[in-house]
Amino acid sequence: MEDMQLAFGEAARLIVGLDRELVAIVALSLQVSLSAVSIAIVIGLPIGAVIAVSRFPGRQMVIALLNGFMGLPPVVVGLLIYLLLSRAGPLGEFGLLFTPAAMVIAQAVLIIPIAAALSRQVIEDAWREYEEQLRSLGASLFSSALTLLWDTRFSLVTVVLAGFGRAAAEVGAVMIVGGNIDGVTRVMTTAIALETSKGDLPLALGLGIILMGLVLAVNAGAYLIKEMAQRRYG
Amino acid sequence: MLPLILEDVSFAVNGRTIIDRISVEIVAGPRTVILGPNGAGKSVLMRLCHGLLNPTAGVIAWRGPTKGGRRQAMVFQRPVMLRRSALANIVYGLRLAGISRTESELRARDVLEVVGLAALADRPARVLSGGEQQRLALSRAWALGPEVLFLDEPTASLDPGAARDIENIISAIHASGTKIIMTTHNLGQARRLGDEILFLYGGRLVERAPVGRFFAAPASAEAAQFIKGELPWQ
């Protein structure tokens, strides 16, 4: 209980003091996770849309696989990306290991399946409603997919938020490929893990409170924008 | 592209016959109303003609010369509006038909003017009332300048006032030279809008007659029964 009080005090002190180190860690966390989310949007949503509107042999398998990949263990993804990026690995020559770029890649790999699988569901539901109308107007499958991506944009906000939540919360992947290097690749989750293992529980908890606050704020903001837009556009 | 010729067209799903060996020739000019009780196969027949479904047996062919572009359009019982403005919904269909953006917008504004929706051009289509949405759906189809317009129960979910607006627009579209083929189970509407009746019962084409003769002296027992059974609810 005492730890909790200390933790809130610590969190308050860090926030009010705008601790320079803390600001850097928060900024890097957001930068890495938002970049990963952007990549997942660009890659994952179109994959979801195309699967939603097309029929091909093995489609059920692909969907099952995609749904399964939503639960990829971050440490395993981290390890695989580590092997790819390590000096001896196939992508070693780019020297990305232990850089924020590596962390972005790892998180993107984690959440692309989430973006694809969830958007597939959303877009397939819409496709059921739209299919006859779009076919009647002569839309190709490709332009149908684009139309549906745009028309489900409010529901897709929720999909994107799920991806962001996953990215911001995971520690295993960024720890392995980033290395938690002070001032270079230290993000909130890895900092919390480190402070906990060092025994500085108040600082760890304080960071945890800030992390939760950030995730909640981003979600609340996106949700409000979505609700407002939905009310306006129906 | 007219006449539209059906030769022994059947359509079955999971062994259940919905359309049973229909042969008919639909020519340019008169407004064709497909009439029949619920479950007679009216909507399915219309979707077969429009090309949204493929017959399981028989042939559907357009025998007349085609002069460029997509020359048939369809309006559904429940219009599917895209999440964009009323104007953009019409432009969407025109763009798919390969018409330039500027030309599309001009045409869309014209047709909105004609159906009395000009003031709502920039409103999001999905927040319009049911009647307004159906008028917009008619505009979207009309703007394409189709040679044939299919209408599937276009007023089924509307109140009498809105239904009258829709009927007036359908008459205007017919007057502009478009062939009308529509389904209804509303006898009053069939009388008001139809020139000839195709009466469907149990998936079969039971009777074809000019509208006056159909109601005055139906040749088949099924049609006579249908007219009698429905009249009390006029």
# chains A, B, ... in the order shown; residues from 1 in each chain; ligands from 1
>>> interface_residues(of="chain A", to="chain B", cutoff="10 Å", atoms="only C-alpha atoms", output="PyMOL selection string")
chain A and resi 129-140+143+147-148+150-154+230-234
>>> write_last_selection(atoms="N, CA and C atoms", output="PDB file, in the first residue's frame")
ATOM      1  N   GLU A 129     -23.596  -5.886 -46.814  1.00  0.00           N
ATOM      2  CA  GLU A 129     -24.596  -4.851 -47.070  1.00  0.00           C
ATOM      3  C   GLU A 129     -24.401  -4.214 -48.446  1.00  0.00           C
ATOM      4  N   TYR A 130     -23.153  -4.020 -48.851  1.00  0.00           N
ATOM      5  CA  TYR A 130     -22.848  -3.211 -50.039  1.00  0.00           C
ATOM      6  C   TYR A 130     -22.758  -4.008 -51.337  1.00  0.00           C
ATOM      7  N   GLU A 131     -22.521  -5.327 -51.213  1.00  0.00           N
ATOM      8  CA  GLU A 131     -22.074  -6.083 -52.386  1.00  0.00           C
ATOM      9  C   GLU A 131     -22.954  -5.877 -53.624  1.00  0.00           C
ATOM     10  N   GLU A 132     -24.266  -6.099 -53.459  1.00  0.00           N
ATOM     11  CA  GLU A 132     -25.133  -6.005 -54.637  1.00  0.00           C
ATOM     12  C   GLU A 132     -25.096  -4.614 -55.245  1.00  0.00           C
ATOM     13  N   GLN A 133     -25.145  -3.597 -54.376  1.00  0.00           N
ATOM     14  CA  GLN A 133     -25.148  -2.228 -54.876  1.00  0.00           C
ATOM     15  C   GLN A 133     -23.865  -1.920 -55.645  1.00  0.00           C
ATOM     16  N   LEU A 134     -22.726  -2.308 -55.081  1.00  0.00           N
ATOM     17  CA  LEU A 134     -21.455  -1.994 -55.744  1.00  0.00           C
ATOM     18  C   LEU A 134     -21.306  -2.787 -57.040  1.00  0.00           C
ATOM     19  N   ARG A 135     -21.728  -4.057 -57.013  1.00  0.00           N
ATOM     20  CA  ARG A 135     -21.649  -4.842 -58.250  1.00  0.00           C
ATOM     21  C   ARG A 135     -22.582  -4.262 -59.296  1.00  0.00           C
ATOM     22  N   SER A 136     -23.757  -3.820 -58.851  1.00  0.00           N
ATOM     23  CA  SER A 136     -24.721  -3.234 -59.780  1.00  0.00           C
ATOM     24  C   SER A 136     -24.137  -1.992 -60.445  1.00  0.00           C
ATOM     25  N   LEU A 137     -23.353  -1.224 -59.692  1.00  0.00           N
ATOM     26  CA  LEU A 137     -22.743  -0.014 -60.254  1.00  0.00           C
ATOM     27  C   LEU A 137     -21.495  -0.339 -61.066  1.00  0.00           C
ATOM     28  N   GLY A 138     -21.121  -1.611 -61.085  1.00  0.00           N
ATOM     29  CA  GLY A 138     -19.992  -2.007 -61.914  1.00  0.00           C
ATOM     30  C   GLY A 138     -18.639  -1.855 -61.250  1.00  0.00           C
ATOM     31  N   ALA A 139     -18.602  -1.860 -59.912  1.00  0.00           N
ATOM     32  CA  ALA A 139     -17.321  -1.724 -59.222  1.00  0.00           C
ATOM     33  C   ALA A 139     -16.546  -3.033 -59.289  1.00  0.00           C
ATOM     34  N   SER A 140     -15.247  -2.948 -59.584  1.00  0.00           N
ATOM     35  CA  SER A 140     -14.405  -4.139 -59.550  1.00  0.00           C
ATOM     36  C   SER A 140     -14.162  -4.508 -58.088  1.00  0.00           C
ATOM     37  N   SER A 143     -11.817  -1.891 -56.552  1.00  0.00           N
ATOM     38  CA  SER A 143     -12.387  -0.599 -56.158  1.00  0.00           C
ATOM     39  C   SER A 143     -13.449  -0.791 -55.076  1.00  0.00           C
ATOM     40  N   THR A 147     -13.455   1.268 -51.642  1.00  0.00           N
ATOM     41  CA  THR A 147     -14.680   1.936 -51.191  1.00  0.00           C
ATOM     42  C   THR A 147     -15.036   1.521 -49.769  1.00  0.00           C
ATOM     43  N   LEU A 148     -14.918   0.223 -49.501  1.00  0.00           N
ATOM     44  CA  LEU A 148     -15.283  -0.283 -48.177  1.00  0.00           C
ATOM     45  C   LEU A 148     -14.315   0.215 -47.109  1.00  0.00           C
ATOM     46  N   TRP A 150     -12.873   3.026 -47.064  1.00  0.00           N
ATOM     47  CA  TRP A 150     -13.266   4.401 -46.757  1.00  0.00           C
ATOM     48  C   TRP A 150     -14.592   4.433 -45.997  1.00  0.00           C
ATOM     49  N   ASP A 151     -15.529   3.573 -46.406  1.00  0.00           N
ATOM     50  CA  ASP A 151     -16.850   3.630 -45.798  1.00  0.00           C
ATOM     51  C   ASP A 151     -16.899   3.055 -44.384  1.00  0.00           C
ATOM     52  N   THR A 152     -15.938   2.202 -44.042  1.00  0.00           N
ATOM     53  CA  THR A 152     -15.917   1.654 -42.681  1.00  0.00           C
ATOM     54  C   THR A 152     -14.920   2.404 -41.810  1.00  0.00           C
ATOM     55  N   ARG A 153     -14.508   3.596 -42.264  1.00  0.00           N
ATOM     56  CA  ARG A 153     -13.396   4.276 -41.599  1.00  0.00           C
ATOM     57  C   ARG A 153     -13.630   4.499 -40.101  1.00  0.00           C
ATOM     58  N   PHE A 154     -14.883   4.719 -39.701  1.00  0.00           N
ATOM     59  CA  PHE A 154     -15.124   4.965 -38.273  1.00  0.00           C
ATOM     60  C   PHE A 154     -14.934   3.678 -37.464  1.00  0.00           C
ATOM     61  N   GLN A 230     -19.085  10.012 -36.623  1.00  0.00           N
ATOM     62  CA  GLN A 230     -20.140   9.059 -36.970  1.00  0.00           C
ATOM     63  C   GLN A 230     -21.510   9.729 -36.875  1.00  0.00           C
ATOM     64  N   ARG A 231     -21.672  10.557 -35.856  1.00  0.00           N
ATOM     65  CA  ARG A 231     -22.965  11.222 -35.703  1.00  0.00           C
ATOM     66  C   ARG A 231     -23.204  12.155 -36.890  1.00  0.00           C
ATOM     67  N   ARG A 232     -22.115  12.744 -37.360  1.00  0.00           N
ATOM     68  CA  ARG A 232     -22.250  13.702 -38.455  1.00  0.00           C
ATOM     69  C   ARG A 232     -22.520  13.006 -39.789  1.00  0.00           C
ATOM     70  N   TYR A 233     -21.847  11.893 -40.019  1.00  0.00           N
ATOM     71  CA  TYR A 233     -21.942  11.249 -41.337  1.00  0.00           C
ATOM     72  C   TYR A 233     -22.873  10.043 -41.377  1.00  0.00           C
ATOM     73  N   GLY A 234     -23.359   9.619 -40.207  1.00  0.00           N
ATOM     74  CA  GLY A 234     -24.311   8.515 -40.168  1.00  0.00           C
ATOM     75  C   GLY A 234     -23.695   7.161 -40.422  1.00  0.00           C
TER      76      GLY A 234
END
>>> residues_around(residues="A:Phe164", least_positions_apart="2", cutoff="10 Å", atoms="only C-alpha atoms", output="VMD selection string")
chain A and resid 30 33 to 38 40 107 to 108 111 114 to 115 158 to 162 166 to 169 215 218 to 219
>>> closest_residue(among="A:Met4, A:Leu149, A:Ala106, A:Ile209", to="A:Val76", atoms="only C-alpha atoms")
A:Ala106
>>> atom_distance(atom1="atom CA of B:Val24", atom2="atom CA of B:Cys49")
11.1 Å
>>> select_by_dssp(residues="stretch 52-231 of chain B", states="alpha helix (DSSP H)", output="PyMOL selection string")
chain B and resi 86-96+101-114+130-143+160-175+187-193+211-216+221-230
>>> residues_around(residues="stretch 186-202 of chain A", least_positions_apart="3", cutoff="10 Å", atoms="only C-alpha atoms", output="PyMOL selection string")
chain A and resi 2-11+22+24-33+99-100+103+168-176+178-183+205-208+210-211
>>> write_last_selection(atoms="C-alpha atoms", output="CSV table (one decimal), in the first residue's frame")
chain,number,residue,atom,x,y,z
A,2,GLU,CA,2.9,2.3,0.9
A,3,ASP,CA,4.4,1.5,-2.5
A,4,MET,CA,1.3,2.7,-4.2
A,5,GLN,CA,1.4,6.0,-2.4
A,6,LEU,CA,5.0,6.4,-3.2
A,7,ALA,CA,4.3,5.4,-6.8
A,8,PHE,CA,1.6,8.1,-7.3
A,9,GLY,CA,3.9,10.6,-5.6
A,10,GLU,CA,6.7,9.6,-8.0
A,11,ALA,CA,4.4,9.8,-11.0
A,22,LEU,CA,11.0,10.8,-18.7
A,24,ALA,CA,12.5,11.4,-23.9
A,25,ILE,CA,11.3,8.0,-22.9
A,26,VAL,CA,7.6,8.9,-23.4
A,27,ALA,CA,8.4,10.5,-26.7
A,28,LEU,CA,10.3,7.5,-28.0
A,29,SER,CA,7.5,5.2,-26.9
A,30,LEU,CA,5.0,7.1,-28.8
A,31,GLN,CA,7.2,7.5,-31.8
A,32,VAL,CA,7.9,3.8,-32.0
A,33,SER,CA,4.4,2.6,-31.4
A,99,THR,CA,17.9,1.0,-33.0
A,100,PRO,CA,14.4,2.4,-32.7
A,103,MET,CA,11.7,-1.7,-32.5
A,168,ALA,CA,2.3,0.4,-26.6
A,169,ALA,CA,1.8,-2.3,-24.0
A,170,GLU,CA,4.2,-5.0,-25.2
A,171,VAL,CA,7.7,-5.2,-23.8
A,172,GLY,CA,9.2,-8.5,-25.0
A,173,ALA,CA,9.8,-7.6,-28.6
A,174,VAL,CA,11.2,-4.1,-28.1
A,175,MET,CA,13.4,-5.4,-25.2
A,176,ILE,CA,15.0,-8.0,-27.5
A,178,GLY,CA,16.0,-2.6,-28.9
A,179,GLY,CA,18.1,-3.7,-26.0
A,180,ASN,CA,16.7,-1.0,-23.6
A,181,ILE,CA,19.7,1.2,-24.1
A,182,ASP,CA,19.5,4.3,-22.0
A,183,GLY,CA,18.8,7.4,-24.1
A,205,LEU,CA,4.8,2.1,-10.9
A,206,GLY,CA,5.0,5.8,-11.6
A,207,LEU,CA,6.1,5.0,-15.2
A,208,GLY,CA,3.3,2.5,-15.3
A,210,ILE,CA,1.9,7.4,-17.0
A,211,LEU,CA,1.8,4.7,-19.6
>>> residues_around(residues="B:Ala219", least_positions_apart="5", cutoff="10 Å", atoms="only C-alpha atoms", output="tab-separated table (two decimals) with C-alpha atoms, in the first residue's frame")
chain	number	residue	atom	x	y	z
B	206	VAL	CA	-48.15	-17.65	-64.80
B	207	GLU	CA	-49.52	-14.80	-66.81
B	208	ARG	CA	-48.44	-11.90	-68.98
B	209	ALA	CA	-50.96	-9.24	-69.91
B	213	ARG	CA	-56.74	-6.68	-69.02
B	214	PHE	CA	-54.80	-8.23	-66.17
B	224	ALA	CA	-57.53	-13.84	-59.95
>>> atom_distance(atom1="atom CA of A:Arg128", atom2="atom CA of B:Ile19")
23.1 Å
>>> residues_around(residues="B:Phe226", least_positions_apart="2", cutoff="10 Å", atoms="only C-alpha atoms", output="list of chain:residue names")
B:Leu35, B:Gly36, B:Pro37, B:His185, B:Leu187, B:Phe199, B:Tyr201, B:Pro218, B:Ser220, B:Ala221, B:Glu222, B:Ala223, B:Ala224, B:Lys228, B:Gly229, B:Glu230, B:Leu231
>>> write_last_selection(atoms="N, CA and C atoms", output="short mmCIF file (atom, residue, chain, number, x, y, z; two decimals), in the first residue's frame")
data_model
loop_
_atom_site.label_atom_id
_atom_site.label_comp_id
_atom_site.auth_asym_id
_atom_site.auth_seq_id
_atom_site.Cartn_x
_atom_site.Cartn_y
_atom_site.Cartn_z
N LEU B 35 -45.27 -8.79 -60.91
CA LEU B 35 -46.20 -8.80 -59.78
C LEU B 35 -46.29 -10.22 -59.25
N GLY B 36 -46.55 -10.32 -57.96
CA GLY B 36 -46.73 -11.65 -57.38
C GLY B 36 -46.62 -11.59 -55.87
N PRO B 37 -47.11 -12.62 -55.20
CA PRO B 37 -47.04 -12.63 -53.73
C PRO B 37 -45.60 -12.79 -53.24
N HIS B 185 -45.50 -5.75 -54.87
CA HIS B 185 -46.61 -6.62 -54.48
C HIS B 185 -47.82 -5.75 -54.18
N LEU B 187 -50.79 -3.74 -55.50
CA LEU B 187 -51.61 -3.74 -56.71
C LEU B 187 -51.88 -2.32 -57.21
N PHE B 199 -47.00 -11.79 -64.18
CA PHE B 199 -47.44 -12.31 -62.88
C PHE B 199 -46.70 -13.59 -62.56
N TYR B 201 -45.81 -16.70 -59.89
CA TYR B 201 -46.37 -17.47 -58.78
C TYR B 201 -45.55 -18.74 -58.63
N PRO B 218 -58.28 -11.39 -65.33
CA PRO B 218 -57.09 -12.25 -65.24
C PRO B 218 -57.36 -13.62 -65.83
N SER B 220 -55.53 -16.40 -65.38
CA SER B 220 -55.19 -17.55 -64.53
C SER B 220 -55.91 -17.47 -63.19
N ALA B 221 -56.16 -18.64 -62.62
CA ALA B 221 -56.82 -18.70 -61.32
C ALA B 221 -55.94 -18.05 -60.25
N GLU B 222 -54.62 -18.28 -60.34
CA GLU B 222 -53.71 -17.72 -59.32
C GLU B 222 -53.78 -16.20 -59.31
N ALA B 223 -53.78 -15.61 -60.52
CA ALA B 223 -53.81 -14.15 -60.59
C ALA B 223 -55.14 -13.62 -60.06
N ALA B 224 -56.21 -14.28 -60.41
CA ALA B 224 -57.53 -13.84 -59.95
C ALA B 224 -57.58 -13.85 -58.43
N LYS B 228 -57.93 -10.68 -55.82
CA LYS B 228 -59.01 -10.65 -54.86
C LYS B 228 -58.47 -10.59 -53.43
N GLY B 229 -57.48 -11.41 -53.18
CA GLY B 229 -56.91 -11.49 -51.83
C GLY B 229 -56.26 -10.20 -51.40
N GLU B 230 -55.67 -9.49 -52.36
CA GLU B 230 -54.93 -8.31 -52.00
C GLU B 230 -55.82 -7.07 -51.91
N LEU B 231 -56.90 -7.07 -52.65
CA LEU B 231 -57.67 -5.83 -52.76
C LEU B 231 -58.13 -5.23 -51.43
#
